[in-house]
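J.: Sharing a structure below in structure tokens format, with a few things to ask.
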Protein chains: 2
Amino acid sequence: MTDLDVMEKPGGEEAPSLHQRILSDISERIVSGEWAPGHRIPFEYELSAAYSCSRMTVNKALSQLAKAGMIERRRRSGSFVRRPKSQAAVLEIHDIKTEVLALGLPYHYRLESRRVRRGTAEDRERLGLAGPSAVIELISVHFAGPRPFCHENRVISLKTVPEAEHEPFAEMAPGPWLVARIPWSVAEHRIRATGVEAGIAAILDIDAGTPSLVVERQTWSADQPVTHVRFTYAGDSHSLVARFTPSH
Amino acid sequence: MTDLDVMEKPGGEEAPSLHQRILSDISERIVSGEWAPGHRIPFEYELSAAYSCSRMTVNKALSQLAKAGMIERRRRSGSFVRRPKSQAAVLEIHDIKTEVLALGLPYHYRLESRRVRRGTAEDRERLGLAGPSAVIELISVHFAGPRPFCHENRVISLKTVPEAEHEPFAEMAPGPWLVARIPWSVAEHRIRATGVEAGIAAILDIDAGTPSLVVERQTWSADQPVTHVRFTYAGDSHSLVARFTPSH
DNA sequence: CGGCCAAATATGTATATACATAATGAGCGA
DNA sequence: TCGCTCATTATGTATATACATATTTGGCCG
């Protein structure tokens, strides 16, 4: 967003603040192409004269534009329109229950298996764990109505989240449970397509090899590995949507 | 970033500005959990006393935290730690040439077909076009070394981008060509897995039905539809990576 | 001609101040 | 008790000012 949402215009009819108006005026000229990449936008003192306001007010607008990546500011030289960066999309990943309910289908969750063990080499790889340390592995299925919607395979580091060892996860899915417990984590996602393997295919009630969308998410909090989860969505049943707006 | 990048700490060893230090001090306490969601953080005047600085400096830090979504500010009541929102991942989608070169493989591009036509119903659907209007359809392949890496099927609205009609696209891929011409666009992405259809399979030199990752991108500039493109990546040859950091 | 230093300039940060605005809560009257 | 008014309070916005800092320009001198 990222820095991306810096630029939203206030939605309703309320009078926007002056620095907001300056910001959106400039951003409009950039988006429309009137001020192309490389163009030098007016100096702070020129804008403050144009809007009859103080330099601080203009500075606030321009600083935000710079933070959002639309302009680059150089001392002594002025402020310049930047060329659009490699596209960055803001991808919302809500929890699966919300996804299913948004489809208008009833949601339920079932735990397939739950195992506590000393971390194997694969677990350490998945979690980005250094030393050997205990983990809990959970396999579960999310249903949309009567049909399996998504398969979840998760390991949680018991070093970072010891309470997980005594949590049954029979009623509550581990995702929401973790979110409630470990706020403000850092996550990395990996999205790919693959033919679904036999074990998962059986649980999802589809043929082995059916194309499926696999979303892997690795999560840390305060530099400690928390969890690694692999979601498998059958076939075209699901697509991720991401909207990217540099400006608006 | 979206509002996400507001929070980065300055990288090197340079002394950060005071409002930056205040911002990162507070953000650390929130990320570590010391100040849980709902917690009321000190009032501006308390912080300004604690840091022996003016209220404006504190205000700058808190306003940025609010914009980044970490805190919520309420007049008369104070500022409160927000609960983490539904996860939003920043997904970088560089152009394909960059992707291929990053794999250490030589890149080349080949145009398969190029057709100008009045927009069909499907074209209007893909572009989000209202009335009938001419389009150009381009089918091309991107190679990583000797092997086809990605199939591209694109339509461009000639109403929005009339120059495209006389562009051969023999040497330059339409993606970079458009980016150079239409900066600062808005885009929506859709990512899904599917079995590849026969026509595309032949071009990618794989079997029909092989699982593939399909990325569709629809683009507007100044509310005008620009282009719709569908990239098909064969099998596990490719995965999208997205890193999400609310804090840091 | 080349290299170095100093002046000019635009942005970066911070301050003290002022008034506007929204929300809370206390007090008062029916 | 309910509902109203009004003072209080924290944030929101804007100003004028000051000095710091990076960078360019131009001129001076060898």
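By order in the structure tokens, chains are A, B, ...; within a chain, residues start at 1; ligands start at 1, following the order shown.
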Within 8 Å of chain A, which residues of chain B are there when counting only C-alpha atoms? Please give them as JSON, numbers by chain.

T.: {"B": [1, 2, 3, 4, 5, 6, 30, 31, 32, 33, 67, 68, 83, 84, 86, 87, 88, 89, 90, 91, 92, 93, 94, 95, 182, 183, 184, 185, 186, 187, 188, 189, 190, 191, 192, 193, 194, 195, 210, 211, 212, 213, 221, 222, 235, 236, 238, 239, 240, 241, 242, 243, 244, 245, 246, 247]}

J.: Determine, for each residue of chain C having at least one atom at most 8 Å from an atom of stretch 3-25 of chain D, the closest pair of atoms and their separation in Å to one decimal, counting only C-alpha atoms (C1' of nucleotides); order by chain and ascending number, as JSON lines.

T.:
{"residue": "C:DA8", "atom": "C1'", "partner": "D:DT25", "partner_atom": "C1'", "distance": 7.9}
{"residue": "C:DG12", "atom": "C1'", "partner": "D:DT21", "partner_atom": "C1'", "distance": 7.6}
{"residue": "C:DT13", "atom": "C1'", "partner": "D:DA20", "partner_atom": "C1'", "distance": 7.8}
{"residue": "C:DA20", "atom": "C1'", "partner": "D:DT13", "partner_atom": "C1'", "distance": 7.8}
{"residue": "C:DT21", "atom": "C1'", "partner": "D:DG12", "partner_atom": "C1'", "distance": 7.6}

J.: Distance limit 8 Å, atoms considered: only C-alpha atoms (C1' of nucleotides). Which chain B residues sit that close to chain C? Return them as a list of chain:residue names.

T.: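 So the contacting residues turn out to be B:Ser17, B:Ser54, B:Thr57, B:Arg75, B:Arg76, B:Ser77.
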
J.: Between A:Leu138, A:Leu158, A:Ala173, A:Val58, which one has atoms that come closest to chain D, using only C-alpha atoms (C1' of nucleotides)?

T.: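 For chain D, the nearest of the candidates is A:Val58.
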
J.: Would you mind listing, as a list in words, all residues of chain B that have at least one atom within 12 Å of chain D, where only C-alpha atoms (C1' of nucleotides) are what counts?

T.: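 My answer is Ser17, Pro42, Phe43, Glu44, Tyr45, Glu46, Arg55, Met56, Val58, Asn59, Lys60, Leu62, Ser63, Glu72, Arg73, Arg74, Arg75, Arg76, Ser77, Gly78 and Ser79 of chain B.
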
J.: Please produce a file of those selected residues containing N, CA and C atoms, as a PDB file, in the first residue's frame.

T.:
ATOM      1  N   SER B  17      15.971  11.534  11.607  1.00  0.00           N
ATOM      2  CA  SER B  17      15.387  12.762  12.148  1.00  0.00           C
ATOM      3  C   SER B  17      14.592  12.412  13.402  1.00  0.00           C
ATOM      4  N   PRO B  42       0.521   7.376  24.428  1.00  0.00           N
ATOM      5  CA  PRO B  42       0.561   8.679  25.114  1.00  0.00           C
ATOM      6  C   PRO B  42       0.050   9.817  24.229  1.00  0.00           C
ATOM      7  N   PHE B  43      -0.508  10.823  24.879  1.00  0.00           N
ATOM      8  CA  PHE B  43      -0.992  11.992  24.139  1.00  0.00           C
ATOM      9  C   PHE B  43       0.173  12.734  23.519  1.00  0.00           C
ATOM     10  N   GLU B  44      -0.138  13.528  22.524  1.00  0.00           N
ATOM     11  CA  GLU B  44       0.915  14.296  21.856  1.00  0.00           C
ATOM     12  C   GLU B  44       1.709  15.127  22.860  1.00  0.00           C
ATOM     13  N   TYR B  45       1.018  15.770  23.773  1.00  0.00           N
ATOM     14  CA  TYR B  45       1.757  16.654  24.681  1.00  0.00           C
ATOM     15  C   TYR B  45       2.647  15.852  25.631  1.00  0.00           C
ATOM     16  N   GLU B  46       2.223  14.614  25.944  1.00  0.00           N
ATOM     17  CA  GLU B  46       3.073  13.769  26.787  1.00  0.00           C
ATOM     18  C   GLU B  46       4.342  13.359  26.038  1.00  0.00           C
ATOM     19  N   ARG B  55       5.065  19.901  19.842  1.00  0.00           N
ATOM     20  CA  ARG B  55       3.958  19.005  19.522  1.00  0.00           C
ATOM     21  C   ARG B  55       3.921  18.707  18.026  1.00  0.00           C
ATOM     22  N   MET B  56       4.294  19.662  17.198  1.00  0.00           N
ATOM     23  CA  MET B  56       4.286  19.462  15.749  1.00  0.00           C
ATOM     24  C   MET B  56       5.143  18.267  15.341  1.00  0.00           C
ATOM     25  N   VAL B  58       5.918  15.604  17.170  1.00  0.00           N
ATOM     26  CA  VAL B  58       5.203  14.391  17.545  1.00  0.00           C
ATOM     27  C   VAL B  58       4.053  14.162  16.579  1.00  0.00           C
ATOM     28  N   ASN B  59       3.356  15.234  16.254  1.00  0.00           N
ATOM     29  CA  ASN B  59       2.209  15.119  15.361  1.00  0.00           C
ATOM     30  C   ASN B  59       2.609  14.511  14.019  1.00  0.00           C
ATOM     31  N   LYS B  60       3.756  14.916  13.524  1.00  0.00           N
ATOM     32  CA  LYS B  60       4.227  14.385  12.248  1.00  0.00           C
ATOM     33  C   LYS B  60       4.386  12.872  12.336  1.00  0.00           C
ATOM     34  N   LEU B  62       2.974  10.755  14.522  1.00  0.00           N
ATOM     35  CA  LEU B  62       1.706  10.064  14.753  1.00  0.00           C
ATOM     36  C   LEU B  62       0.828  10.088  13.501  1.00  0.00           C
ATOM     37  N   SER B  63       0.866  11.180  12.766  1.00  0.00           N
ATOM     38  CA  SER B  63       0.068  11.233  11.543  1.00  0.00           C
ATOM     39  C   SER B  63       0.519  10.150  10.571  1.00  0.00           C
ATOM     40  N   GLU B  72      -5.036   4.449  15.312  1.00  0.00           N
ATOM     41  CA  GLU B  72      -6.215   5.201  14.936  1.00  0.00           C
ATOM     42  C   GLU B  72      -6.259   6.405  15.857  1.00  0.00           C
ATOM     43  N   ARG B  73      -6.545   7.568  15.297  1.00  0.00           N
ATOM     44  CA  ARG B  73      -6.537   8.771  16.127  1.00  0.00           C
ATOM     45  C   ARG B  73      -7.968   9.268  16.266  1.00  0.00           C
ATOM     46  N   ARG B  74      -8.341   9.578  17.505  1.00  0.00           N
ATOM     47  CA  ARG B  74      -9.696  10.097  17.745  1.00  0.00           C
ATOM     48  C   ARG B  74      -9.592  11.385  18.521  1.00  0.00           C
ATOM     49  N   ARG B  75     -10.231  12.418  17.999  1.00  0.00           N
ATOM     50  CA  ARG B  75     -10.197  13.703  18.693  1.00  0.00           C
ATOM     51  C   ARG B  75     -10.782  13.578  20.089  1.00  0.00           C
ATOM     52  N   ARG B  76     -10.181  14.253  20.942  1.00  0.00           N
ATOM     53  CA  ARG B  76     -10.603  14.333  22.332  1.00  0.00           C
ATOM     54  C   ARG B  76     -10.261  13.052  23.110  1.00  0.00           C
ATOM     55  N   SER B  77     -10.085  11.915  22.390  1.00  0.00           N
ATOM     56  CA  SER B  77      -9.878  10.649  23.090  1.00  0.00           C
ATOM     57  C   SER B  77      -8.412  10.220  23.111  1.00  0.00           C
ATOM     58  N   GLY B  78      -7.718  10.489  22.025  1.00  0.00           N
ATOM     59  CA  GLY B  78      -6.326  10.067  21.967  1.00  0.00           C
ATOM     60  C   GLY B  78      -6.069   9.144  20.796  1.00  0.00           C
ATOM     61  N   SER B  79      -4.936   8.486  20.795  1.00  0.00           N
ATOM     62  CA  SER B  79      -4.525   7.613  19.693  1.00  0.00           C
ATOM     63  C   SER B  79      -4.433   6.187  20.195  1.00  0.00           C
TER      64      SER B  79
END

J.: Please identify which residues in stretch 121-242 of chain B DSSP calls strand (DSSP E) from the backbone, and express them as a PyMOL selection string.

T.: chain B and resi 134-144+147-157+186-195+211-221+224-234+240-242

J.: Per DSSP on the backbone, filter stretch 155-203 of chain A down to the residues in alpha helix (DSSP H) and report them as a PyMOL selection string.

T.: chain A and resi 174-181+198-203

J.: Output the selection as a short mmCIF file (atom, residue, chain, number, x, y, z; two decimals), in the first residue's frame - C-alpha atoms for each residue.

T.:
data_model
loop_
_atom_site.label_atom_id
_atom_site.label_comp_id
_atom_site.auth_asym_id
_atom_site.auth_seq_id
_atom_site.Cartn_x
_atom_site.Cartn_y
_atom_site.Cartn_z
CA PRO A 174 -5.09 -22.09 13.29
CA GLY A 175 -5.04 -19.00 11.04
CA PRO A 176 -7.46 -16.86 13.04
CA TRP A 177 -6.05 -18.29 16.27
CA LEU A 178 -2.56 -17.10 15.35
CA VAL A 179 -3.69 -13.73 14.09
CA ALA A 180 -5.37 -13.05 17.40
CA ARG A 181 -2.25 -14.06 19.29
CA ALA A 198 -2.72 -37.79 -4.49
CA GLY A 199 -3.03 -37.24 -0.72
CA ILE A 200 -4.42 -33.75 -1.03
CA ALA A 201 -6.56 -34.71 -4.03
CA ALA A 202 -8.34 -37.33 -1.91
CA ILE A 203 -9.13 -34.82 0.79
#

J.: Rounded to one decimal in Å, what is the spacing between atom CA of A:His151 and atom CA of A:Ile139?

T.: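 Taking atom CA of A:His151 and atom CA of A:Ile139, their separation equals 7.6 Å.
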
J.: Find the residues near A:Phe80: any atom within 6 Å, counting only C-alpha atoms (C1' of nucleotides), skip ones fewer than 5 places away on the same chain, and give them as a VMD selection string.

T.: chain A and resid 38 to 41 71 to 72

J.: Write the selection just made, keeping C-alpha atoms, as a PDB file, in the first residue's frame?

T.:
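Saved to out-v2.pdb:
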ATOM      1  CA  GLY A  38      11.446  13.962 -15.621  1.00  0.00           C
ATOM      2  CA  HIS A  39       9.387  17.156 -15.585  1.00  0.00           C
ATOM      3  CA  ARG A  40      10.397  19.604 -12.882  1.00  0.00           C
ATOM      4  CA  ILE A  41       7.399  20.660 -10.866  1.00  0.00           C
ATOM      5  CA  ILE A  71       8.118  12.546  -7.375  1.00  0.00           C
ATOM      6  CA  GLU A  72      11.747  12.718  -6.449  1.00  0.00           C
TER       7      GLU A  72
END

J.: Write out as a list in words each polymer residue whose atoms come within 10 Å of B:Pro106, counting only C-alpha atoms (C1' of nucleotides); drop sequence neighbours fewer than 5 positions from it.

T.: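 The filter keeps Lys97, Val100, Leu101, Phe143, Ala144, Gly145 and Pro146 of chain B.
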